[in-house]
>>> print(open('input19.tsv').read())   # TSV, C-alpha atoms
chain	number	residue	atom	x	y	z
A	30	MET	CA	-7.20	-23.37	33.89
A	31	ALA	CA	-4.43	-24.47	31.53
A	32	SER	CA	-2.06	-21.96	30.01
A	33	TYR	CA	-3.58	-21.15	26.64
A	34	ARG	CA	-0.22	-19.88	25.45
A	35	GLU	CA	0.82	-23.50	25.11
A	36	ILE	CA	-1.73	-24.20	22.39
A	37	PHE	CA	0.83	-23.39	19.71
A	38	PRO	CA	4.23	-25.10	19.99
A	39	ALA	CA	6.23	-22.05	18.91
A	40	LYS	CA	6.06	-18.70	17.21
A	41	GLY	CA	5.12	-18.84	13.57
A	42	LEU	CA	2.63	-18.53	10.74
A	43	ILE	CA	-1.10	-19.14	11.03
A	44	VAL	CA	-2.90	-19.34	7.69
A	45	SER	CA	-6.44	-18.03	7.40
A	46	CYS	CA	-8.41	-20.35	5.12
A	47	GLN	CA	-11.72	-18.64	4.47
A	48	ALA	CA	-14.08	-18.18	1.55
A	49	LEU	CA	-17.36	-16.31	1.85
A	50	PRO	CA	-20.49	-17.51	0.01
A	51	HIS	CA	-19.97	-15.08	-2.90
A	52	GLU	CA	-16.35	-16.16	-3.48
A	53	PRO	CA	-15.21	-18.78	-6.02
A	54	LEU	CA	-13.62	-21.18	-3.51
A	55	HIS	CA	-16.59	-21.33	-1.15
A	56	GLY	CA	-18.05	-24.73	-0.37
A	57	GLY	CA	-16.96	-28.33	-0.50
A	58	ASP	CA	-13.61	-29.34	0.96
A	59	THR	CA	-11.60	-26.56	-0.67
A	60	MET	CA	-10.61	-24.84	2.58
A	61	ALA	CA	-9.66	-28.17	4.16
A	62	LYS	CA	-7.33	-28.85	1.23
A	63	MET	CA	-5.95	-25.33	1.54
A	64	ALA	CA	-5.29	-25.96	5.22
A	65	ARG	CA	-3.56	-29.26	4.50
A	66	ALA	CA	-1.32	-27.56	1.95
A	67	ALA	CA	-0.41	-24.80	4.42
A	68	VAL	CA	0.31	-27.15	7.31
A	69	GLY	CA	2.32	-29.42	5.03
A	70	VAL	CA	4.95	-26.73	4.59
A	71	GLY	CA	5.05	-25.49	8.17
A	72	ALA	CA	2.02	-23.43	9.14
A	73	ILE	CA	1.53	-23.84	12.90
A	74	GLY	CA	-2.20	-23.13	12.90
A	75	ILE	CA	-5.27	-22.41	10.80
A	76	ARG	CA	-7.95	-19.74	11.15
A	77	THR	CA	-11.27	-20.46	9.49
A	78	ASN	CA	-14.87	-19.33	9.25
A	79	GLY	CA	-17.99	-21.43	9.76
A	80	VAL	CA	-18.91	-24.74	11.33
A	81	ALA	CA	-18.50	-26.79	8.15
A	82	ASP	CA	-14.95	-25.64	7.51
A	83	ILE	CA	-13.96	-25.95	11.18
A	84	LEU	CA	-15.17	-29.57	11.21
A	85	MET	CA	-13.44	-30.51	7.97
A	86	ILE	CA	-10.18	-28.75	8.80
A	87	LYS	CA	-10.02	-30.36	12.24
A	88	GLN	CA	-10.24	-33.75	10.51
A	89	GLU	CA	-7.65	-32.79	7.92
A	90	VAL	CA	-4.80	-31.29	9.97
A	91	ASN	CA	-3.26	-31.77	13.38
A	92	VAL	CA	-2.61	-28.15	14.35
A	93	PRO	CA	-4.66	-25.71	16.44
A	94	VAL	CA	-7.66	-24.17	14.69
A	95	ILE	CA	-8.96	-20.67	15.37
A	96	GLY	CA	-12.67	-20.66	14.59
A	97	LEU	CA	-15.04	-17.80	13.92
A	98	ILE	CA	-18.44	-17.27	12.38
A	99	LYS	CA	-19.10	-14.22	10.25
A	100	ARG	CA	-22.72	-13.17	10.54
A	101	ASP	CA	-24.51	-10.11	9.22
A	102	ILE	CA	-26.95	-8.61	11.70
A	103	GLU	CA	-29.14	-5.81	10.38
A	104	GLY	CA	-28.24	-2.48	11.92
A	105	SER	CA	-25.02	-3.74	13.48
A	106	GLU	CA	-21.36	-3.42	12.48
A	107	ILE	CA	-20.36	-6.44	14.57
A	108	PHE	CA	-19.58	-9.21	12.08
A	109	ILE	CA	-17.11	-11.65	13.64
A	110	THR	CA	-18.75	-14.08	16.09
A	111	PRO	CA	-21.33	-11.57	17.29
A	112	THR	CA	-23.33	-13.64	19.81
A	113	LEU	CA	-23.13	-16.56	22.20
A	114	ASP	CA	-24.90	-18.74	19.65
A	115	GLU	CA	-21.90	-18.46	17.33
A	116	VAL	CA	-19.45	-19.10	20.17
A	117	LYS	CA	-21.30	-22.28	21.09
A	118	ALA	CA	-21.36	-23.46	17.49
A	119	ILE	CA	-17.62	-22.85	17.11
A	120	VAL	CA	-16.79	-24.71	20.31
A	121	MET	CA	-19.05	-27.63	19.42
A	122	ALA	CA	-17.34	-27.87	16.03
A	123	GLY	CA	-14.05	-28.47	17.81
A	124	ALA	CA	-12.13	-25.22	17.40
A	125	ASP	CA	-9.23	-24.76	19.81
A	126	ILE	CA	-9.64	-20.99	19.91
A	127	VAL	CA	-12.71	-18.81	19.38
A	128	ALA	CA	-12.11	-15.51	17.59
A	129	LEU	CA	-14.57	-12.69	18.21
A	130	ASP	CA	-14.94	-8.96	17.73
A	131	VAL	CA	-13.75	-7.09	20.83
A	132	THR	CA	-14.02	-3.55	19.49
A	133	ASN	CA	-15.44	-0.56	21.35
A	134	ARG	CA	-18.65	-0.42	19.32
A	135	GLU	CA	-22.29	-0.92	20.25
A	136	GLY	CA	-21.46	-1.74	23.88
A	137	ARG	CA	-19.38	-4.64	22.68
A	138	LEU	CA	-16.81	-4.57	25.49
A	139	ALA	CA	-19.57	-5.41	27.95
A	140	ALA	CA	-21.41	-7.77	25.62
A	141	VAL	CA	-18.41	-10.06	25.10
A	142	LYS	CA	-17.97	-10.87	28.80
A	143	PRO	CA	-20.38	-13.83	28.83
A	144	LEU	CA	-19.02	-15.04	25.48
A	145	ILE	CA	-15.47	-15.15	26.83
A	146	ALA	CA	-16.62	-16.74	30.08
A	147	TRP	CA	-18.57	-19.48	28.30
A	148	ALA	CA	-15.67	-20.37	26.01
A	149	HIS	CA	-13.34	-20.59	29.00
A	150	GLU	CA	-15.81	-22.74	30.91
A	151	MET	CA	-15.67	-25.14	27.97
A	152	GLY	CA	-11.87	-25.16	28.06
A	153	VAL	CA	-11.50	-23.18	24.83
A	154	ALA	CA	-9.26	-20.15	24.41
A	155	VAL	CA	-10.38	-16.77	23.06
A	156	MET	CA	-8.75	-14.50	20.50
A	157	ALA	CA	-9.89	-10.86	20.54
A	158	ASP	CA	-10.04	-9.20	17.14
A	159	ILE	CA	-9.41	-5.53	17.89
A	160	SER	CA	-8.72	-2.35	15.94
A	161	THR	CA	-6.91	0.01	18.34
A	162	PHE	CA	-4.40	-0.07	21.16
A	163	GLU	CA	-7.06	0.89	23.70
A	164	GLU	CA	-9.24	-2.02	22.60
A	165	GLY	CA	-6.31	-4.39	22.96
A	166	VAL	CA	-5.69	-3.25	26.53
A	167	ALA	CA	-9.39	-3.59	27.29
A	168	ALA	CA	-9.43	-7.08	25.77
A	169	GLU	CA	-6.61	-8.21	28.02
A	170	ALA	CA	-8.50	-6.89	31.04
A	171	LEU	CA	-11.50	-8.94	29.92
A	172	GLY	CA	-9.39	-12.08	30.12
A	173	VAL	CA	-8.79	-13.02	26.49
A	174	ASP	CA	-5.89	-15.32	25.65
A	175	TYR	CA	-4.73	-13.76	22.36
A	176	ILE	CA	-5.04	-10.27	20.91
A	177	GLY	CA	-5.19	-9.91	17.13
A	178	THR	CA	-4.83	-6.69	15.18
A	179	THR	CA	-7.39	-8.07	12.73
A	180	LEU	CA	-9.77	-5.11	12.64
A	181	SER	CA	-7.32	-2.22	12.40
A	182	GLY	CA	-8.50	-0.23	9.41
A	183	TYR	CA	-11.93	-1.88	9.46
A	184	THR	CA	-13.44	0.39	12.09
A	185	SER	CA	-13.99	4.04	11.24
A	186	TYR	CA	-11.87	5.28	14.13
A	187	SER	CA	-8.84	3.01	13.71
A	188	ARG	CA	-5.70	3.70	11.68
A	189	GLN	CA	-6.42	3.60	7.94
A	190	ALA	CA	-3.49	2.42	5.85
A	191	GLU	CA	-2.59	0.13	2.96
A	192	GLU	CA	0.12	-1.65	4.93
A	193	PRO	CA	-0.18	-3.70	8.12
A	194	ASP	CA	-0.55	-1.71	11.34
A	195	PHE	CA	2.99	-2.24	12.57
A	196	GLU	CA	2.73	0.53	15.13
A	197	LEU	CA	-0.28	-1.13	16.76
A	198	ILE	CA	1.56	-4.45	16.86
A	199	ARG	CA	4.54	-2.75	18.50
A	200	GLN	CA	2.44	-0.86	21.05
A	201	LEU	CA	0.54	-3.96	22.10
A	202	ALA	CA	3.64	-6.15	22.30
A	203	GLU	CA	5.27	-3.62	24.61
A	204	THR	CA	2.22	-3.39	26.88
A	205	VAL	CA	0.10	-6.52	27.15
A	206	ASN	CA	1.07	-9.84	28.69
A	207	VAL	CA	-0.84	-12.11	26.31
A	208	PRO	CA	0.43	-13.09	22.86
A	209	VAL	CA	-0.11	-10.54	20.10
A	210	VAL	CA	-1.30	-11.92	16.78
A	211	ALA	CA	-0.45	-9.75	13.77
A	212	GLU	CA	-3.28	-9.94	11.26
A	213	GLY	CA	-4.56	-7.71	8.51
A	214	ARG	CA	-3.14	-6.63	5.13
A	215	ILE	CA	0.00	-8.78	5.37
A	216	TRP	CA	0.79	-9.48	1.73
A	217	THR	CA	4.49	-10.38	1.65
A	218	PRO	CA	6.94	-12.54	3.61
A	219	GLU	CA	8.87	-9.37	4.36
A	220	GLU	CA	5.83	-7.82	6.04
A	221	ALA	CA	5.34	-10.99	8.08
A	222	VAL	CA	8.94	-10.82	9.27
A	223	LYS	CA	8.53	-7.13	10.13
A	224	ALA	CA	5.43	-7.95	12.16
A	225	MET	CA	7.41	-10.51	14.15
A	226	ASN	CA	10.22	-8.01	14.64
A	227	CYS	CA	7.63	-5.56	16.00
A	228	GLY	CA	6.84	-8.07	18.73
A	229	ALA	CA	4.09	-10.30	17.36
A	230	THR	CA	4.13	-13.86	18.62
A	231	TYR	CA	2.12	-15.15	15.67
A	232	VAL	CA	1.34	-13.85	12.20
A	233	VAL	CA	-1.94	-14.61	10.41
A	234	VAL	CA	-1.92	-14.41	6.63
A	235	GLY	CA	-5.12	-15.01	4.72
A	236	SER	CA	-5.87	-13.31	1.42
A	237	ALA	CA	-2.27	-13.38	0.19
A	238	ILE	CA	-2.31	-17.18	0.43
A	239	SER	CA	-5.88	-18.41	0.20
A	240	ARG	CA	-7.83	-15.94	-1.96
A	241	PRO	CA	-6.59	-16.38	-5.54
A	242	GLN	CA	-9.00	-13.81	-6.96
A	243	LEU	CA	-7.45	-11.09	-4.78
A	244	ILE	CA	-3.91	-12.23	-5.50
A	245	THR	CA	-4.64	-12.15	-9.23
A	246	GLU	CA	-6.28	-8.74	-8.93
A	247	ARG	CA	-3.14	-7.27	-7.40
A	248	TYR	CA	-1.06	-8.51	-10.34
A	249	ILE	CA	-3.59	-7.18	-12.85
A	250	GLN	CA	-3.64	-3.76	-11.19
A	251	ALA	CA	0.14	-3.58	-11.19
A	252	LEU	CA	0.39	-4.58	-14.84
A	253	ASN	CA	-2.36	-2.17	-15.88
A	254	LYS	CA	-0.25	0.70	-14.58
A	255	LEU	CA	2.27	-0.11	-17.33
A	256	GLU	CA	-0.21	0.51	-20.11
A	257	GLY	CA	0.21	4.27	-19.93
>>> encode(input="input19.tsv", output="structure tokens")
Amino acid sequence: MASYREIFPAKGLIVSCQALPHEPLHGGDTMAKMARAAVGVGAIGIRTNGVADILMIKQEVNVPVIGLIKRDIEGSEIFITPTLDEVKAIVMAGADIVALDVTNREGRLAAVKPLIAWAHEMGVAVMADISTFEEGVAAEALGVDYIGTTLSGYTSYSRQAEEPDFELIRQLAETVNVPVVAEGRIWTPEEAVKAMNCGATYVVVGSAISRPQLITERYIQALNKLEG
């Protein structure tokens, strides 16, 4: 099996280009254009959600694409690439890396084994979206190729904070032997640099670049504080 660490040419920024059905930028080729804009100024990779956007972005840019499928399953908290069906769809769409939930919920650490194995059999790397240090260590033992701090703060038992989970990034970087991907609540270039200085190999930034409604909301909230 090839070294999946060689998928990206160097350390750097991966831009998450995603828009859910209820968001203004959902549909059409908007995310593909967003990806082209990001890669045009130096992004080394793109992370995106759904078969349609994976297909269009792969045609639009010549950088590695991390693919995922967000799917609501009644009674379950697992949202990111929950089953083998989604893994197969992501791989068939041409993603270079499959991202999936590897949290310690609902027997997930056992359930992901065949998902990881299938992706690897197809020659595609796997990124584990985790929320705690223990989950990151478990993900490495399961054979994933990248560990992302994506879900820190999004599980009830993980660290809850407004800022990125720099401590988790640091702990993982000091312990695991696969690349650590800093992701989650990174809003400024300074935070991205700090994440790298904590040991991340790659930094994923999404909302701060590709969700204008959230960017605008942050400005509005800041300005509203002046009214008093």
>>> residues_around(input="input19.tsv", residues="stretch 145-160 of chain A", least_positions_apart="4", cutoff="7 Å", atoms="all atoms listed in the file", output="list of chain:residue names")
A:Tyr33, A:Asp125, A:Ile126, A:Val127, A:Ala128, A:Leu129, A:Asp130, A:Val131, A:Thr132, A:Val141, A:Glu164, A:Gly165, A:Ala168, A:Val173, A:Asp174, A:Tyr175, A:Ile176, A:Gly177, A:Thr178, A:Thr179, A:Leu180, A:Ser181, A:Gly182, A:Thr184, A:Ser187
>>> closest_residue(input="input19.tsv", among="A:Asp114, A:Leu97, A:Phe195, A:Met225", to="A:Lys40", atoms="only C-alpha atoms")
A:Met225
>>> closest_atom_pairs(input="input19.tsv", of="stretch 39-148 of chain A", to="stretch 200-218 of chain A", cutoff="12 Å", atoms="only C-alpha atoms", output="JSON lines")
{"residue": "A:Ala39", "atom": "CA", "partner": "A:Pro208", "partner_atom": "CA", "distance": 11.4}
{"residue": "A:Lys40", "atom": "CA", "partner": "A:Pro208", "partner_atom": "CA", "distance": 9.8}
{"residue": "A:Gly41", "atom": "CA", "partner": "A:Val210", "partner_atom": "CA", "distance": 10.0}
{"residue": "A:Leu42", "atom": "CA", "partner": "A:Val210", "partner_atom": "CA", "distance": 9.8}
{"residue": "A:Ile43", "atom": "CA", "partner": "A:Val210", "partner_atom": "CA", "distance": 9.2}
{"residue": "A:Val44", "atom": "CA", "partner": "A:Glu212", "partner_atom": "CA", "distance": 10.1}
{"residue": "A:Ser45", "atom": "CA", "partner": "A:Glu212", "partner_atom": "CA", "distance": 9.5}
{"residue": "A:Gly74", "atom": "CA", "partner": "A:Val210", "partner_atom": "CA", "distance": 11.9}
{"residue": "A:Arg76", "atom": "CA", "partner": "A:Glu212", "partner_atom": "CA", "distance": 10.9}
{"residue": "A:Ile95", "atom": "CA", "partner": "A:Val210", "partner_atom": "CA", "distance": 11.7}
{"residue": "A:Ala128", "atom": "CA", "partner": "A:Val210", "partner_atom": "CA", "distance": 11.4}
>>> residues_around(input="input19.tsv", residues="A:Val80", least_positions_apart="6", cutoff="9 Å", atoms="all atoms listed in the file", output="list in words")
Gly96, Leu97, Ile98, Ala118, Ile119, Met121, Ala122 and Gly123 of chain A
>>> closest_residue(input="input19.tsv", among="A:Lys142, A:Arg134, A:Ala72, A:Leu171", to="A:Glu106", atoms="all atoms listed in the file")
A:Arg134
>>> atom_distance(input="input19.tsv", atom1="atom CA of A:Lys99", atom2="atom CA of A:Pro241")
20.3 Å
>>> closest_residue(input="input19.tsv", among="A:Cys46, A:Val120, A:Ala167, A:Leu54", to="A:Gln242", atoms="only C-alpha atoms")
A:Leu54
>>> atom_distance(input="input19.tsv", atom1="atom CA of A:Glu192", atom2="atom CA of A:Val234")
13.0 Å
>>> closest_residue(input="input19.tsv", among="A:Ala139, A:Ile109, A:Ala64, A:Val166", to="A:Asn91", atoms="only C-alpha atoms")
A:Ala64
